[in-house]
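Engineer: Just so it is clear, I am handing over model_38.txt, which has compact mmCIF, C-alpha atoms.
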# COMPACT_ATOMS: atom_id res chain seq x y z
CA MET U 1 -12.96 -14.87 -27.01
CA ALA U 2 -10.10 -13.36 -29.01
CA GLU U 3 -8.61 -15.82 -31.47
CA GLY U 4 -5.46 -17.39 -30.06
CA ALA U 5 -5.91 -15.87 -26.60
CA LEU U 6 -4.72 -17.87 -23.61
CA ARG U 7 -7.63 -19.20 -21.53
CA VAL U 8 -7.13 -18.22 -17.89
CA ALA U 9 -8.76 -19.68 -14.78
CA ILE U 10 -8.75 -17.75 -11.50
CA VAL U 11 -8.16 -20.19 -8.63
CA GLY U 12 -9.32 -18.85 -5.27
CA LEU U 13 -11.40 -15.82 -4.31
CA ARG U 14 -10.57 -15.56 -0.60
CA HIS U 15 -7.95 -12.99 -1.46
CA LEU U 16 -7.79 -9.22 -1.99
CA HIS U 17 -6.47 -9.41 -5.56
CA PRO U 18 -8.57 -11.62 -7.91
CA ARG U 19 -11.11 -8.92 -8.77
CA SER U 20 -8.39 -6.32 -9.23
CA TYR U 21 -6.55 -8.63 -11.65
CA MET U 22 -9.57 -8.83 -13.95
CA PRO U 23 -8.95 -5.41 -15.59
CA LEU U 24 -5.34 -6.48 -16.19
CA PHE U 25 -6.36 -9.62 -18.07
CA GLU U 26 -8.98 -7.62 -19.97
CA ALA U 27 -6.32 -5.09 -21.00
CA VAL U 28 -4.03 -7.78 -22.44
CA PRO U 29 -5.51 -9.19 -25.67
CA GLN U 30 -3.40 -12.37 -25.39
CA THR U 31 -5.42 -13.44 -22.32
CA GLU U 32 -9.05 -14.04 -21.45
CA VAL U 33 -10.43 -15.25 -18.12
CA VAL U 34 -12.91 -18.06 -18.77
CA ALA U 35 -13.33 -19.73 -15.38
CA VAL U 36 -13.03 -19.33 -11.63
CA VAL U 37 -12.46 -21.93 -8.90
CA GLU U 38 -13.88 -21.22 -5.45
CA ALA U 39 -15.46 -23.61 -2.94
CA ASP U 40 -17.66 -20.92 -1.37
CA PRO U 41 -20.71 -20.34 -3.61
CA ASP U 42 -21.36 -16.99 -1.93
CA LEU U 43 -18.08 -15.77 -3.43
CA ARG U 44 -18.06 -17.86 -6.62
CA GLU U 45 -21.53 -17.09 -7.97
CA PRO U 46 -21.34 -13.28 -7.81
CA PHE U 47 -17.91 -13.41 -9.48
CA CYS U 48 -19.30 -15.56 -12.29
CA ALA U 49 -22.25 -13.20 -12.75
CA ASP U 50 -20.07 -10.08 -12.73
CA PHE U 51 -17.51 -11.35 -15.23
CA GLY U 52 -19.41 -13.92 -17.28
CA VAL U 53 -17.13 -16.86 -16.50
CA ARG U 54 -17.78 -20.50 -15.61
CA GLY U 55 -17.54 -21.48 -11.94
CA TYR U 56 -16.09 -24.61 -10.36
CA PRO U 57 -16.02 -25.68 -6.71
CA SER U 58 -12.56 -27.27 -6.89
CA VAL U 59 -9.40 -27.55 -8.96
CA GLU U 60 -10.30 -31.16 -9.68
CA ALA U 61 -13.63 -30.11 -11.16
CA LEU U 62 -11.93 -27.51 -13.35
CA LEU U 63 -9.24 -29.85 -14.64
CA GLY U 64 -11.70 -32.68 -15.12
CA GLU U 65 -13.80 -30.70 -17.59
CA ASP U 66 -11.43 -28.62 -19.71
CA ALA U 67 -8.01 -27.61 -18.46
CA PRO U 68 -7.27 -23.91 -19.11
CA ASP U 69 -4.01 -22.64 -20.55
CA VAL U 70 -3.14 -20.65 -17.43
CA ALA U 71 -4.08 -20.94 -13.75
CA ALA U 72 -3.84 -17.68 -11.80
CA ILE U 73 -3.69 -18.96 -8.21
CA PHE U 74 -4.84 -16.79 -5.28
CA LEU U 75 -5.21 -19.38 -2.53
CA PRO U 76 -3.96 -19.19 1.07
CA HIS U 77 -0.18 -19.40 0.82
CA VAL U 78 -0.05 -22.82 2.43
CA ASP U 79 -2.49 -24.24 -0.17
CA CYS U 80 -0.79 -22.88 -3.29
CA PRO U 81 1.72 -25.73 -3.82
CA GLU U 82 -0.88 -28.51 -3.95
CA ALA U 83 -3.10 -26.64 -6.42
CA ALA U 84 -0.15 -25.53 -8.54
CA VAL U 85 1.29 -29.05 -8.77
CA ARG U 86 -2.08 -30.45 -9.88
CA CYS U 87 -2.42 -27.80 -12.56
CA ALA U 88 1.15 -28.27 -13.78
CA GLU U 89 0.60 -32.01 -14.13
CA LYS U 90 -2.23 -31.22 -16.55
CA GLY U 91 0.02 -28.96 -18.61
CA VAL U 92 -1.39 -25.70 -17.25
CA HIS U 93 0.96 -22.70 -17.01
CA LEU U 94 1.18 -21.15 -13.56
CA MET U 95 0.75 -17.57 -12.37
CA VAL U 96 0.97 -18.03 -8.59
CA GLU U 97 0.40 -14.92 -6.49
CA LYS U 98 3.38 -13.95 -4.36
CA PRO U 99 4.96 -15.19 -2.15
CA MET U 100 3.84 -18.43 -3.87
CA ALA U 101 3.84 -20.54 -0.70
CA ALA U 102 4.09 -20.37 3.09
CA SER U 103 7.70 -21.62 2.96
CA ALA U 104 10.67 -21.79 0.63
CA ALA U 105 10.21 -25.55 0.50
CA GLY U 106 6.63 -25.08 -0.70
CA ALA U 107 7.76 -22.67 -3.42
CA GLU U 108 10.49 -25.09 -4.47
CA GLU U 109 7.84 -27.81 -4.81
CA ILE U 110 6.02 -25.63 -7.36
CA VAL U 111 9.25 -24.87 -9.23
CA GLN U 112 10.08 -28.57 -9.54
CA ALA U 113 6.55 -29.44 -10.68
CA ALA U 114 6.68 -26.77 -13.39
CA ARG U 115 10.05 -28.07 -14.57
CA ARG U 116 8.84 -31.66 -14.75
CA ALA U 117 5.73 -30.66 -16.69
CA GLY U 118 7.50 -28.18 -18.96
CA VAL U 119 5.10 -25.34 -18.10
CA LYS U 120 5.87 -21.67 -17.51
CA LEU U 121 5.79 -20.30 -13.96
CA THR U 122 5.74 -16.76 -12.64
CA THR U 123 4.80 -14.90 -9.47
CA GLY U 124 3.53 -11.40 -8.78
CA TYR U 125 6.65 -9.32 -8.13
CA CYS U 126 5.43 -6.82 -10.70
CA TRP U 127 7.30 -3.83 -9.19
CA ARG U 128 10.23 -4.88 -11.39
CA LEU U 129 8.22 -3.85 -14.44
CA HIS U 130 7.42 -0.35 -13.24
CA PRO U 131 9.16 2.24 -15.48
CA VAL U 132 10.74 3.94 -12.45
CA ALA U 133 12.18 0.62 -11.26
CA LEU U 134 13.57 -0.06 -14.74
CA GLU U 135 15.26 3.36 -14.83
CA PHE U 136 16.47 2.86 -11.23
CA LYS U 137 18.17 -0.39 -12.25
CA ARG U 138 19.57 1.11 -15.47
CA ILE U 139 21.33 3.86 -13.49
CA LEU U 140 22.70 1.36 -10.98
CA ASP U 141 23.95 -0.94 -13.76
CA CYS U 142 25.81 1.91 -15.50
CA GLY U 143 27.56 2.89 -12.27
CA GLY U 144 25.54 6.02 -11.65
CA VAL U 145 25.91 5.77 -7.86
CA GLY U 146 29.29 4.06 -7.76
CA ARG U 147 29.67 1.08 -5.44
CA VAL U 148 26.42 0.46 -3.59
CA VAL U 149 26.82 0.82 0.16
CA ALA U 150 23.28 0.96 1.53
CA ALA U 151 19.64 0.54 0.55
CA GLU U 152 16.32 1.16 2.23
CA GLY U 153 12.81 -0.18 1.74
CA ARG U 154 9.67 0.92 3.54
CA CYS U 155 6.26 -0.63 2.94
CA ALA U 156 3.36 0.08 5.27
CA ALA U 157 0.10 -0.81 3.59
CA GLY U 158 -3.27 -0.89 5.26
CA ARG U 159 -4.46 -2.30 8.55
CA LEU U 160 -5.40 -5.84 9.51
CA HIS U 161 -9.12 -5.22 9.09
CA ARG U 162 -8.80 -5.05 5.29
CA TYR U 163 -8.11 -8.79 5.20
CA ILE U 164 -11.22 -9.52 7.24
CA GLU U 165 -13.35 -7.29 5.05
CA GLY U 166 -11.81 -8.87 1.94
CA HIS U 167 -12.66 -12.49 2.94
CA ALA U 168 -8.94 -13.20 3.48
CA GLU U 169 -8.91 -13.82 7.23
CA TRP U 170 -6.38 -16.61 6.67
CA MET U 171 -3.77 -13.90 6.02
CA LEU U 172 -3.83 -13.23 9.77
CA GLU U 173 -3.20 -16.90 10.65
CA ARG U 174 0.45 -17.94 10.67
CA ALA U 175 -0.32 -21.54 9.70
CA SER U 176 -2.02 -20.39 6.48
CA SER U 177 0.00 -17.31 5.54
CA GLY U 178 3.45 -18.17 6.85
CA GLY U 179 3.67 -14.97 8.85
CA GLY U 180 2.87 -11.29 8.97
CA PRO U 181 3.73 -8.32 6.74
CA MET U 182 7.23 -9.51 5.83
CA TYR U 183 5.65 -12.57 4.15
CA ASN U 184 3.02 -10.53 2.36
CA LEU U 185 4.57 -7.09 1.75
CA GLY U 186 8.27 -7.23 2.54
CA VAL U 187 8.77 -9.90 -0.11
CA HIS U 188 8.12 -7.24 -2.77
CA TRP U 189 11.05 -5.09 -1.62
CA ILE U 190 13.36 -8.06 -1.02
CA ASP U 191 12.78 -9.17 -4.60
CA LEU U 192 13.09 -5.63 -5.96
CA LEU U 193 16.43 -5.02 -4.21
CA ARG U 194 17.82 -8.41 -5.31
CA TRP U 195 16.93 -7.54 -8.89
CA MET U 196 18.07 -3.90 -8.79
CA LEU U 197 21.43 -4.76 -7.24
CA SER U 198 21.90 -8.00 -9.21
CA ASP U 199 22.98 -9.51 -5.91
CA GLU U 200 21.80 -11.99 -3.31
CA VAL U 201 21.20 -11.59 0.42
CA VAL U 202 23.60 -13.72 2.45
CA GLU U 203 22.91 -12.70 6.05
CA VAL U 204 20.07 -10.99 7.93
CA SER U 205 19.11 -9.55 11.28
CA GLY U 206 15.37 -9.34 11.98
CA ARG U 207 12.96 -8.20 14.66
CA ASN U 208 9.18 -8.53 14.77
CA VAL U 209 6.81 -6.33 16.75
CA ARG U 210 3.25 -7.35 17.57
CA VAL U 211 0.75 -4.61 18.32
CA ASN U 212 -2.47 -6.56 17.78
CA THR U 213 -3.67 -9.01 20.45
CA ASP U 214 -6.26 -10.92 18.40
CA TYR U 215 -4.08 -12.75 15.85
CA ASP U 216 -0.95 -14.90 15.95
CA ILE U 217 1.03 -12.87 13.43
CA GLU U 218 3.18 -9.82 14.07
CA ASP U 219 2.01 -6.62 12.37
CA ASN U 220 5.40 -4.86 12.16
CA SER U 221 8.61 -6.43 10.90
CA PHE U 222 12.10 -4.94 10.59
CA ALA U 223 15.25 -6.35 9.04
CA LEU U 224 18.80 -5.62 7.99
CA LEU U 225 19.95 -7.51 4.90
CA ARG U 226 23.62 -8.00 4.02
CA PHE U 227 24.20 -8.65 0.33
CA ALA U 228 27.09 -10.71 -1.01
CA GLY U 229 28.60 -7.57 -2.54
CA GLY U 230 28.70 -5.85 0.85
CA ALA U 231 25.68 -3.54 0.67
CA ILE U 232 23.40 -3.37 3.72
CA ALA U 233 19.66 -2.80 3.25
CA SER U 234 17.15 -1.89 5.94
CA LEU U 235 13.48 -2.87 5.72
CA ASP U 236 10.52 -1.39 7.64
CA ILE U 237 7.41 -3.42 6.81
CA SER U 238 4.08 -2.88 8.52
CA TYR U 239 0.32 -3.34 8.72
CA THR U 240 -0.04 -0.30 11.00
CA VAL U 241 -0.06 2.68 8.63
CA PRO U 242 -2.65 5.22 9.91
CA ASP U 243 -5.98 5.28 8.11
CA SER U 244 -5.44 9.00 7.50
CA PHE U 245 -2.23 8.37 5.52
CA PRO U 246 -2.75 9.23 1.80
CA HIS U 247 -4.16 6.20 -0.02
CA GLY U 248 -3.49 4.06 3.06
CA ARG U 249 0.07 3.13 2.19
CA ASP U 250 3.58 4.44 2.81
CA LEU U 251 6.10 3.23 0.23
CA TYR U 252 9.76 4.15 -0.25
CA VAL U 253 12.87 2.69 -1.91
CA ALA U 254 16.37 4.19 -1.91
CA VAL U 255 19.92 3.14 -2.75
CA ARG U 256 23.08 4.98 -1.68
CA GLY U 257 26.47 4.43 -3.25
CA THR U 258 29.95 5.92 -3.05
CA GLU U 259 29.07 8.43 -5.79
CA GLY U 260 25.33 8.96 -5.63
CA VAL U 261 21.86 8.36 -4.24
CA LEU U 262 18.61 7.24 -5.89
CA SER U 263 15.27 7.46 -4.12
CA TRP U 264 11.66 6.81 -5.05
CA ALA U 265 8.40 7.07 -3.12
CA PRO U 266 6.03 5.13 -5.41
CA ALA U 267 2.93 7.17 -6.13
CA TYR U 268 -0.66 6.06 -6.01
CA GLU U 269 -2.15 5.18 -9.41
CA GLY U 270 -3.05 8.28 -11.38
CA GLU U 271 -0.30 10.40 -9.81
CA LYS U 272 3.15 11.22 -11.13
CA ASP U 273 6.02 9.03 -10.00
CA VAL U 274 9.27 10.84 -9.27
CA LEU U 275 12.79 9.39 -9.26
CA GLU U 276 15.22 11.55 -7.28
CA ILE U 277 18.76 11.33 -8.68
CA CYS U 278 21.97 12.64 -7.13
CA SER U 279 25.20 11.49 -8.78
CA ASP U 280 28.85 12.58 -8.75
CA ALA U 281 29.87 9.70 -11.01
CA PRO U 282 32.10 11.10 -13.82
CA ASP U 283 30.46 8.95 -16.50
CA PHE U 284 26.90 9.67 -15.42
CA SER U 285 24.89 11.26 -18.24
CA GLY U 286 22.65 14.01 -16.93
CA ALA U 287 22.60 16.76 -14.35
CA PRO U 288 24.32 15.80 -11.05
CA ARG U 289 21.07 16.38 -9.21
CA ARG U 290 17.63 16.13 -10.75
CA ARG U 291 14.07 14.88 -10.47
CA VAL U 292 12.70 12.69 -13.24
CA GLU U 293 8.92 12.56 -13.46
CA PHE U 294 7.05 9.56 -14.87
CA GLU U 295 3.44 10.04 -15.89
CA LEU U 296 2.17 6.55 -16.65
CA GLU U 297 -0.68 5.56 -18.88
CA PRO U 298 -3.74 5.17 -16.60
CA THR U 299 -4.41 1.47 -16.06
CA GLU U 300 -7.09 -0.07 -13.89
CA GLY U 301 -6.34 -3.06 -11.73
CA TYR U 302 -3.74 -4.39 -9.33
CA SER U 303 -0.51 -2.31 -9.53
CA GLY U 304 -1.88 -0.48 -12.56
CA TYR U 305 0.55 -0.14 -15.44
CA ALA U 306 3.15 -2.45 -13.86
CA GLY U 307 0.48 -5.09 -13.23
CA ARG U 308 -0.60 -5.01 -16.86
CA GLN U 309 3.02 -5.35 -17.99
CA TYR U 310 3.39 -8.35 -15.69
CA VAL U 311 0.40 -10.13 -17.24
CA ARG U 312 1.52 -9.22 -20.75
CA ALA U 313 5.09 -10.39 -20.19
CA PHE U 314 3.93 -13.78 -18.90
CA ALA U 315 1.54 -14.24 -21.82
CA GLU U 316 4.33 -13.44 -24.27
CA ALA U 317 6.68 -15.88 -22.51
CA ILE U 318 4.11 -18.63 -23.01
CA LEU U 319 3.30 -17.77 -26.62
CA THR U 320 6.96 -17.39 -27.67
CA ASP U 321 8.38 -20.12 -25.42
CA GLY U 322 10.47 -17.50 -23.65
CA THR U 323 11.43 -16.97 -20.01
CA PRO U 324 9.16 -14.89 -17.77
CA PRO U 325 10.91 -11.82 -16.30
CA ILE U 326 9.94 -13.03 -12.81
CA THR U 327 10.45 -16.74 -12.17
CA GLY U 328 9.58 -19.29 -9.53
CA GLU U 329 13.25 -19.41 -8.55
CA ASP U 330 12.96 -15.74 -7.59
CA SER U 331 10.21 -16.65 -5.16
CA VAL U 332 12.29 -19.42 -3.59
CA ALA U 333 15.21 -17.03 -3.09
CA VAL U 334 12.99 -14.38 -1.49
CA LEU U 335 11.35 -16.84 0.89
CA LYS U 336 14.73 -18.13 2.03
CA VAL U 337 15.54 -14.56 3.05
CA VAL U 338 12.20 -14.19 4.86
CA GLU U 339 12.69 -17.46 6.73
CA ALA U 340 16.14 -16.31 7.84
CA ILE U 341 14.60 -13.03 9.08
CA TYR U 342 12.09 -14.97 11.19
CA ARG U 343 14.81 -17.25 12.58
CA SER U 344 16.88 -14.19 13.42
CA ALA U 345 13.93 -12.55 15.17
CA SER U 346 13.41 -15.71 17.21
CA GLU U 347 17.05 -16.27 18.15
CA LYS U 348 17.99 -12.57 18.41
CA ARG U 349 21.15 -12.85 16.30
CA TRP U 350 22.38 -12.43 12.76
CA MET U 351 21.40 -15.38 10.61
CA GLU U 352 22.88 -16.72 7.38
CA VAL U 353 20.50 -17.21 4.46
CA GLU U 354 20.36 -20.72 3.08
CA SER U 355 22.28 -20.84 -0.21
Can you give me the file's structure in the form of structure tokens?

Structural biologist:
Amino acid sequence: MAEGALRVAIVGLRHLHPRSYMPLFEAVPQTEVVAVVEADPDLREPFCADFGVRGYPSVEALLGEDAPDVAAIFLPHVDCPEAAVRCAEKGVHLMVEKPMAASAAGAEEIVQAARRAGVKLTTGYCWRLHPVALEFKRILDCGGVGRVVAAEGRCAAGRLHRYIEGHAEWMLERASSGGGPMYNLGVHWIDLLRWMLSDEVVEVSGRNVRVNTDYDIEDNSFALLRFAGGAIASLDISYTVPDSFPHGRDLYVAVRGTEGVLSWAPAYEGEKDVLEICSDAPDFSGAPRRRVEFELEPTEGYSGYAGRQYVRAFAEAILTDGTPPITGEDSVAVLKVVEAIYRSASEKRWMEVES
């Protein structure tokens, strides 16, 4: 173990991401995974053998022996608050996989526990740390598109069967996950747009479409979001991207203002990302219309380079007593938007987002 490295415990293996986070922790010298918590020995024991970590059947067993510095929690959304609160009470910093809970109230419970215990808390909205997203926000902040009028987010990623194959069947159960793709995928774009626009969603209109007949979640979710500053964003979030679609996902983000447009179709890892810029703003530095290519350093693991930056930023926040770039409060705000979308879909009308 590297001297001074934060000792990390993975909590929960019935999820698609724990194994893909391991290369991220390995790439950040300030962290080292030393333990895993999983009740199912058929999942726990191979993980321990593959990564050389200690295994525990429960959070209580982990905390009873030697509390780690950080708990990276990948439990069913509904179970995250209880585990996170227990870890916080033992002084363990919290990296809770998005959306952090199955409700805004559950996420708020984690936020309050972290505050009481004085531990750091973050959640996995790592798209903010992608270099294209950072440049996107820089241009918006300097007025490169004028006053923002509209935004668009599209995220179609995989089919339902990937959760079954990945031992995460609970993702298809509303009681455990909170809901369908808007809870699991749409939250990324809601958070990204809040951050890019430096604005909050105040009203939504949502509709859910259910294609599958075997599960109690919808597999397509659509929403209009009205921001306090007046911009309207549309979201198209889905589990029904065709298997033949490149890399099995269809991603897109765009913002249109009175003086310009920015658009980005995030590339698969290992490919060049391209930011399309069109600006008539008089103070904009650069050609009025151009393509900026980003060739990122190859990085294995969940979300690649951005995922590594997410882990590194949280480790640095702990070691320097700083503030993580993505906070628990961000998760609460996002889930309030999602809950309003579901209420709107149920009542078939525009719905205000809880302040």

Engineer: For range 334-340 of chain U, find every residue with an atom within 8 Å (counting all atoms listed in the file), except residues of its own chain fewer than 6 positions away, and show them as a short mmCIF file (atom, residue, chain, number, x, y, z; two decimals) with C-alpha atoms, in the coordinates of the input.

Structural biologist:
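Okay, result_23.cif is ready:
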data_model
loop_
_atom_site.label_atom_id
_atom_site.label_comp_id
_atom_site.auth_asym_id
_atom_site.auth_seq_id
_atom_site.Cartn_x
_atom_site.Cartn_y
_atom_site.Cartn_z
CA PRO U 99 4.96 -15.19 -2.15
CA SER U 103 7.70 -21.62 2.96
CA ALA U 104 10.67 -21.79 0.63
CA MET U 182 7.23 -9.51 5.83
CA TYR U 183 5.65 -12.57 4.15
CA VAL U 187 8.77 -9.90 -0.11
CA ILE U 190 13.36 -8.06 -1.02
CA ASP U 191 12.78 -9.17 -4.60
CA VAL U 201 21.20 -11.59 0.42
CA GLU U 203 22.91 -12.70 6.05
CA VAL U 204 20.07 -10.99 7.93
CA MET U 351 21.40 -15.38 10.61
CA GLU U 352 22.88 -16.72 7.38
CA VAL U 353 20.50 -17.21 4.46
CA GLU U 354 20.36 -20.72 3.08
#

Engineer: Give the answer as one residue: which of U:Val8, U:Cys80, U:Ala313, U:Cys126 has the shortest atom-to-atom distance to Glu108 in chain U, using only C-alpha atoms?

Structural biologist: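 Result for the nearest residue to Glu108 in chain U: U:Cys80.
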
Engineer: Taking into account only C-alpha atoms, which residue in the set U:Ser346, U:Phe136, U:Pro81, U:Val202 is nearest to Gln112 in chain U?

Structural biologist: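 For Gln112 in chain U, the nearest of the given residues is U:Pro81.
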
Engineer: Show which residues sit within 10 Å of Val96 in chain U, as a list in words. Count only C-alpha atoms, and ignore same-chain residues fewer than 3 positions away.

Structural biologist: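 Returned residues: Val11, Ala71, Ala72, Ile73, Phe74, Leu75, His77, Cys80, Pro81, Ala83, Ala84, His93, Pro99, Met100, Ala101, Ala107, Ile110, Leu121, Thr122, Thr123, Gly124, Gly328 and Ser331 of chain U.
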
Engineer: In Å, how far is it from CA of Cys142 in chain U to CA of Arg291 in chain U?

Structural biologist: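 Between CA of Cys142 in chain U and CA of Arg291 in chain U the gap works out to 18.2 Å.
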
Engineer: Using all atoms listed in the file, which of the listed residues (U:Arg207, U:Arg194, U:His161, U:Arg86) sits closest to Glu347 in chain U?

Structural biologist: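 Using all atoms listed in the file, Glu347 in chain U sits closest to U:Arg207.
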
Engineer: Just how far from CA of Pro18 in chain U is CA of Leu62 in chain U, in Å to one decimal?

Structural biologist: 17.1 Å

Engineer: Kindly indicate which residue among U:Glu45, U:Lys120, U:Asp66, U:Arg128 lies nearest to Glu316 in chain U, using all atoms listed in the file for the distances.

Structural biologist: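 Looking at the shortest contact to Glu316 in chain U, the residue is U:Lys120.
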
Engineer: In the coordinate frame of the file, compute which residues have an atom within 8 Å of (4.6, -7.3, -15.0) when using all atoms listed in the file, and state them as a VMD selection string.

Structural biologist: chain U and resid 124 to 130 306 to 314 325

Engineer: Tell me which protein, DNA and RNA residues are within 10 Å of His15 in chain U, counting all atoms listed in the file, leaving out same-chain ones fewer than 3 positions away, and put them as a VMD selection string.

Structural biologist: chain U and resid 12 18 to 19 73 to 76 97 163 to 164 166 to 171

Engineer: Determine, counting all atoms listed in the file, which protein, DNA and RNA residues have an atom within 8 Å of an atom of Pro242 in chain U; residues of the same chain fewer than 6 positions away are not included. Present the result as an MDAnalysis selection string.

Structural biologist: chainID U and resid 158:159 248

Engineer: So that I can see what lies close to Ala233 in chain U, please list as a list in words the residues with an atom at most 8 Å from it, counting all atoms listed in the file and leaving out residues fewer than 6 positions away in the same chain.

Structural biologist: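 What passes the distance filter is Ala150, Ala151, Glu152, Gly153, Leu224, Leu225, Arg226 and Phe227 of chain U.
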
Engineer: Where does range 160-256 of chain U meet range 260-282 of chain U within 8 Å, residue by residue, with the nearest atom pair and distance in Å to one decimal for each, counting only C-alpha atoms, listed by chain and rising number, as JSON lines?

Structural biologist:
{"residue": "U:His247", "atom": "CA", "partner": "U:Tyr268", "partner_atom": "CA", "distance": 6.9}
{"residue": "U:Leu251", "atom": "CA", "partner": "U:Ala265", "partner_atom": "CA", "distance": 5.6}
{"residue": "U:Tyr252", "atom": "CA", "partner": "U:Ala265", "partner_atom": "CA", "distance": 4.3}
{"residue": "U:Val253", "atom": "CA", "partner": "U:Trp264", "partner_atom": "CA", "distance": 5.3}
{"residue": "U:Ala254", "atom": "CA", "partner": "U:Ser263", "partner_atom": "CA", "distance": 4.1}
{"residue": "U:Val255", "atom": "CA", "partner": "U:Leu262", "partner_atom": "CA", "distance": 5.3}
{"residue": "U:Arg256", "atom": "CA", "partner": "U:Val261", "partner_atom": "CA", "distance": 4.4}

Engineer: Go ahead and compute the interatomic distance for CA of Ser238 in chain U and CA of Leu185 in chain U, in Å to one decimal.

Structural biologist: 8.0 Å

Engineer: N, CA and C atoms are what I want for range 200-220 of chain U; can you complete it accordingly and write them as an mmCIF file, keeping the file's coordinate frame?

Structural biologist:
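The file below, out_26.cif, is the result:
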data_model
loop_
_atom_site.group_PDB
_atom_site.id
_atom_site.type_symbol
_atom_site.label_atom_id
_atom_site.label_comp_id
_atom_site.auth_asym_id
_atom_site.auth_seq_id
_atom_site.Cartn_x
_atom_site.Cartn_y
_atom_site.Cartn_z
ATOM 1 N N GLU U 200 22.599 -11.177 -4.204
ATOM 2 C CA GLU U 200 21.800 -11.990 -3.310
ATOM 3 C C GLU U 200 22.090 -11.656 -1.847
ATOM 4 N N VAL U 201 21.066 -11.804 -1.011
ATOM 5 C CA VAL U 201 21.200 -11.590 0.420
ATOM 6 C C VAL U 201 21.854 -12.826 1.039
ATOM 7 N N VAL U 202 22.873 -12.594 1.853
ATOM 8 C CA VAL U 202 23.600 -13.720 2.450
ATOM 9 C C VAL U 202 23.447 -13.799 3.958
ATOM 10 N N GLU U 203 23.035 -12.698 4.590
ATOM 11 C CA GLU U 203 22.910 -12.700 6.050
ATOM 12 C C GLU U 203 21.877 -11.647 6.448
ATOM 13 N N VAL U 204 21.120 -11.918 7.513
ATOM 14 C CA VAL U 204 20.070 -10.990 7.930
ATOM 15 C C VAL U 204 20.030 -10.854 9.446
ATOM 16 N N SER U 205 19.465 -9.738 9.873
ATOM 17 C CA SER U 205 19.110 -9.550 11.280
ATOM 18 C C SER U 205 17.676 -9.028 11.291
ATOM 19 N N GLY U 206 16.786 -9.710 12.008
ATOM 20 C CA GLY U 206 15.370 -9.340 11.980
ATOM 21 C C GLY U 206 14.770 -9.189 13.361
ATOM 22 N N ARG U 207 13.752 -8.348 13.441
ATOM 23 C CA ARG U 207 12.960 -8.200 14.660
ATOM 24 C C ARG U 207 11.503 -8.009 14.268
ATOM 25 N N ASN U 208 10.624 -8.651 14.999
ATOM 26 C CA ASN U 208 9.180 -8.530 14.770
ATOM 27 C C ASN U 208 8.521 -7.879 15.976
ATOM 28 N N VAL U 209 7.553 -7.022 15.701
ATOM 29 C CA VAL U 209 6.810 -6.330 16.750
ATOM 30 C C VAL U 209 5.325 -6.619 16.564
ATOM 31 N N ARG U 210 4.677 -7.022 17.638
ATOM 32 C CA ARG U 210 3.250 -7.350 17.570
ATOM 33 C C ARG U 210 2.459 -6.334 18.385
ATOM 34 N N VAL U 211 1.610 -5.585 17.674
ATOM 35 C CA VAL U 211 0.750 -4.610 18.320
ATOM 36 C C VAL U 211 -0.634 -5.208 18.583
ATOM 37 N N ASN U 212 -1.142 -5.968 17.611
ATOM 38 C CA ASN U 212 -2.470 -6.560 17.780
ATOM 39 C C ASN U 212 -2.431 -7.659 18.840
ATOM 40 N N THR U 213 -3.572 -7.947 19.438
ATOM 41 C CA THR U 213 -3.670 -9.010 20.450
ATOM 42 C C THR U 213 -4.653 -10.106 20.025
ATOM 43 N N ASP U 214 -5.221 -9.993 18.832
ATOM 44 C CA ASP U 214 -6.260 -10.920 18.400
ATOM 45 C C ASP U 214 -5.763 -11.997 17.444
ATOM 46 N N TYR U 215 -4.560 -11.836 16.878
ATOM 47 C CA TYR U 215 -4.080 -12.750 15.850
ATOM 48 C C TYR U 215 -2.668 -13.205 16.179
ATOM 49 N N ASP U 216 -2.243 -14.333 15.589
ATOM 50 C CA ASP U 216 -0.950 -14.900 15.950
ATOM 51 C C ASP U 216 0.163 -14.497 14.995
ATOM 52 N N ILE U 217 -0.044 -13.419 14.244
ATOM 53 C CA ILE U 217 1.030 -12.870 13.430
ATOM 54 C C ILE U 217 1.480 -11.534 14.003
ATOM 55 N N GLU U 218 2.727 -11.170 13.741
ATOM 56 C CA GLU U 218 3.180 -9.820 14.070
ATOM 57 C C GLU U 218 2.591 -8.864 13.034
ATOM 58 N N ASP U 219 2.514 -7.577 13.359
ATOM 59 C CA ASP U 219 2.010 -6.620 12.370
ATOM 60 C C ASP U 219 3.064 -5.583 11.996
ATOM 61 N N ASN U 220 4.272 -5.702 12.557
ATOM 62 C CA ASN U 220 5.400 -4.860 12.160
ATOM 63 C C ASN U 220 6.641 -5.740 12.114
#
